[in-house]
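Everything below belongs to final09.pdb, which stores PDB, C-alpha atoms.
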ATOM      1  CA  GLU V  12     -17.139   2.592  -9.574  1.00  0.00           C
ATOM      2  CA  LYS V  13     -13.747   4.289  -9.202  1.00  0.00           C
ATOM      3  CA  GLU V  14     -12.390   2.358 -12.191  1.00  0.00           C
ATOM      4  CA  LEU V  15     -15.204   3.713 -14.371  1.00  0.00           C
ATOM      5  CA  LEU V  16     -15.580   7.244 -13.002  1.00  0.00           C
ATOM      6  CA  GLY V  17     -12.230   7.975 -11.364  1.00  0.00           C
ATOM      7  CA  VAL V  18     -13.896   8.707  -7.998  1.00  0.00           C
ATOM      8  CA  TYR V  19     -16.095   6.936  -5.484  1.00  0.00           C
ATOM      9  CA  LEU V  20     -19.691   8.181  -5.541  1.00  0.00           C
ATOM     10  CA  SER V  21     -20.500   6.194  -2.432  1.00  0.00           C
ATOM     11  CA  ALA V  22     -18.202   5.909   0.575  1.00  0.00           C
ATOM     12  CA  HIS V  23     -14.639   4.659   0.188  1.00  0.00           C
ATOM     13  CA  PRO V  24     -14.507   0.853   0.635  1.00  0.00           C
ATOM     14  CA  LEU V  25     -12.390   1.257   3.792  1.00  0.00           C
ATOM     15  CA  HIS V  26     -14.633   3.931   5.312  1.00  0.00           C
ATOM     16  CA  GLY V  27     -16.177   2.756   8.555  1.00  0.00           C
ATOM     17  CA  LEU V  28     -13.654  -0.006   9.213  1.00  0.00           C
ATOM     18  CA  THR V  29     -12.024   0.108  12.618  1.00  0.00           C
ATOM     19  CA  ARG V  30      -8.251   0.236  12.475  1.00  0.00           C
ATOM     20  CA  PRO V  31      -6.635  -2.372  14.735  1.00  0.00           C
ATOM     21  CA  ASP V  32      -4.540  -1.125  17.667  1.00  0.00           C
ATOM     22  CA  GLY V  33      -1.053  -0.088  16.668  1.00  0.00           C
ATOM     23  CA  TYR V  34      -1.990   1.132  13.189  1.00  0.00           C
ATOM     24  CA  THR V  35      -1.190   4.692  12.077  1.00  0.00           C
ATOM     25  CA  ALA V  36      -4.394   6.690  11.725  1.00  0.00           C
ATOM     26  CA  SER V  37      -4.015   7.276   7.961  1.00  0.00           C
ATOM     27  CA  LEU V  38      -1.554   7.658   5.110  1.00  0.00           C
ATOM     28  CA  MET V  39      -1.824  11.421   5.609  1.00  0.00           C
ATOM     29  CA  ASP V  40      -0.218  11.005   9.054  1.00  0.00           C
ATOM     30  CA  ILE V  41       2.980   9.580   7.577  1.00  0.00           C
ATOM     31  CA  THR V  42       5.643  12.266   7.436  1.00  0.00           C
ATOM     32  CA  SER V  43       9.425  12.417   7.191  1.00  0.00           C
ATOM     33  CA  ASP V  44       9.449  12.520  11.010  1.00  0.00           C
ATOM     34  CA  LEU V  45       8.666   8.784  10.882  1.00  0.00           C
ATOM     35  CA  ALA V  46      11.682   7.909   8.694  1.00  0.00           C
ATOM     36  CA  GLY V  47      13.345   4.732   9.913  1.00  0.00           C
ATOM     37  CA  GLN V  48      10.351   3.697  12.035  1.00  0.00           C
ATOM     38  CA  THR V  49       7.903   0.879  11.453  1.00  0.00           C
ATOM     39  CA  VAL V  50       4.539   2.241  10.322  1.00  0.00           C
ATOM     40  CA  ARG V  51       1.367   0.162  10.000  1.00  0.00           C
ATOM     41  CA  VAL V  52      -1.596   1.341   7.941  1.00  0.00           C
ATOM     42  CA  LEU V  53      -4.918  -0.106   6.877  1.00  0.00           C
ATOM     43  CA  ALA V  54      -4.999   0.499   3.129  1.00  0.00           C
ATOM     44  CA  MET V  55      -6.045  -1.195  -0.067  1.00  0.00           C
ATOM     45  CA  VAL V  56      -3.846  -1.902  -3.068  1.00  0.00           C
ATOM     46  CA  THR V  57      -5.046  -0.121  -6.200  1.00  0.00           C
ATOM     47  CA  SER V  58      -2.294  -1.222  -8.592  1.00  0.00           C
ATOM     48  CA  ILE V  59       0.843  -3.356  -8.649  1.00  0.00           C
ATOM     49  CA  ARG V  60       3.908  -3.156 -10.866  1.00  0.00           C
ATOM     50  CA  LYS V  61       6.142  -6.218 -10.645  1.00  0.00           C
ATOM     51  CA  LEU V  62       9.785  -5.639 -11.523  1.00  0.00           C
ATOM     52  CA  VAL V  63      13.011  -7.596 -11.822  1.00  0.00           C
ATOM     53  CA  THR V  64      16.254  -6.077 -10.535  1.00  0.00           C
ATOM     54  CA  LYS V  65      19.633  -6.136 -12.308  1.00  0.00           C
ATOM     55  CA  ARG V  66      20.481  -9.093 -10.062  1.00  0.00           C
ATOM     56  CA  ASN V  67      17.400 -10.903 -11.410  1.00  0.00           C
ATOM     57  CA  GLN V  68      15.454 -10.589  -8.152  1.00  0.00           C
ATOM     58  CA  ALA V  69      11.699  -9.972  -8.077  1.00  0.00           C
ATOM     59  CA  MET V  70      10.347  -6.824  -6.434  1.00  0.00           C
ATOM     60  CA  ALA V  71       7.196  -4.709  -6.728  1.00  0.00           C
ATOM     61  CA  VAL V  72       5.837  -1.179  -6.489  1.00  0.00           C
ATOM     62  CA  ALA V  73       2.219  -0.918  -5.359  1.00  0.00           C
ATOM     63  CA  ALA V  74      -0.113   2.062  -5.213  1.00  0.00           C
ATOM     64  CA  ILE V  75      -2.141   2.053  -1.992  1.00  0.00           C
ATOM     65  CA  GLU V  76      -4.953   4.244  -0.646  1.00  0.00           C
ATOM     66  CA  ASP V  77      -6.881   4.478   2.591  1.00  0.00           C
ATOM     67  CA  GLY V  78      -9.631   6.987   1.823  1.00  0.00           C
ATOM     68  CA  ASP V  79      -7.620   9.896   3.249  1.00  0.00           C
ATOM     69  CA  GLY V  80      -4.600   9.653   0.980  1.00  0.00           C
ATOM     70  CA  GLU V  81      -2.550   7.679  -1.491  1.00  0.00           C
ATOM     71  CA  ALA V  82       1.026   6.423  -1.418  1.00  0.00           C
ATOM     72  CA  GLU V  83       3.471   4.184  -3.207  1.00  0.00           C
ATOM     73  CA  LEU V  84       4.657   1.087  -1.417  1.00  0.00           C
ATOM     74  CA  VAL V  85       7.983  -0.357  -2.576  1.00  0.00           C
ATOM     75  CA  LEU V  86       8.678  -3.989  -1.792  1.00  0.00           C
ATOM     76  CA  PHE V  87      12.376  -4.535  -2.272  1.00  0.00           C
ATOM     77  CA  PRO V  88      13.472  -8.110  -3.102  1.00  0.00           C
ATOM     78  CA  GLU V  89      13.765  -9.347   0.501  1.00  0.00           C
ATOM     79  CA  ALA V  90      10.349  -7.937   1.478  1.00  0.00           C
ATOM     80  CA  TYR V  91       8.788  -9.127  -1.778  1.00  0.00           C
ATOM     81  CA  GLU V  92      10.069 -12.642  -1.157  1.00  0.00           C
ATOM     82  CA  ARG V  93       8.482 -12.639   2.324  1.00  0.00           C
ATOM     83  CA  HIS V  94       5.211 -10.797   1.587  1.00  0.00           C
ATOM     84  CA  GLY V  95       4.738 -10.669  -2.191  1.00  0.00           C
ATOM     85  CA  GLU V  96       2.190 -13.469  -2.326  1.00  0.00           C
ATOM     86  CA  ALA V  97      -0.147 -11.438  -0.077  1.00  0.00           C
ATOM     87  CA  LEU V  98      -0.009  -8.476  -2.464  1.00  0.00           C
ATOM     88  CA  THR V  99      -3.130  -8.452  -4.636  1.00  0.00           C
ATOM     89  CA  GLU V 100      -5.200  -5.738  -6.310  1.00  0.00           C
TER      90      GLU V 100
END
structure tokens encoding of this file:
Amino acid sequence: EKELLGVYLSAHPLHGLTRPDGYTASLMDITSDLAGQTVRVLAMVTSIRKLVTKRNQAMAVAAIEDGDGEAELVLFPEAYERHGEALTE
């Protein structure tokens, strides 16, 4: 429905899910105060751009949302190598 209309008419697909212990409440809670810290969020991937670096290494930039906010997630080559296969739209 969001692909067609640009908004959800019904509830966001993640609405009502319980976040596991240790997860940040929402993307809106992530501020510069958390720089350098590990942050865990429950979000869904809305788009993925796969890139190749100058050193011919694969990486990706993904748009994510959690119903409260949106953010860009950058997977640099090392992270993409470890977690890239789990990244799906």
Chain and number of each residue from the PyMOL selection byres ((chain V and resi 35) around 12), as a list in words | Thr29, Arg30, Pro31, Asp32, Gly33, Tyr34, Ala36, Ser37, Leu38, Met39, Asp40, Ile41, Thr42, Leu45, Gln48, Thr49, Val50, Arg51, Val52, Leu53, Ala54 and Asp77 of chain V
Tell me which residues the PyMOL selection byres ((chain V and resi 98) around 12) grabs here, as a ChimeraX atom specification.
-> /V:54-61,70-75,84-86,90-97,99-100
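Atom to atom, CA of Asp79 in chain V and CA of Ala46 in chain V stand 20.2 Å apart.
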Distance in Å - CA of Pro88 in chain V versus CA of Asn67 in chain V |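 Taking CA of Pro88 in chain V as the start and CA of Asn67 in chain V as the end point, the length is 9.6 Å.
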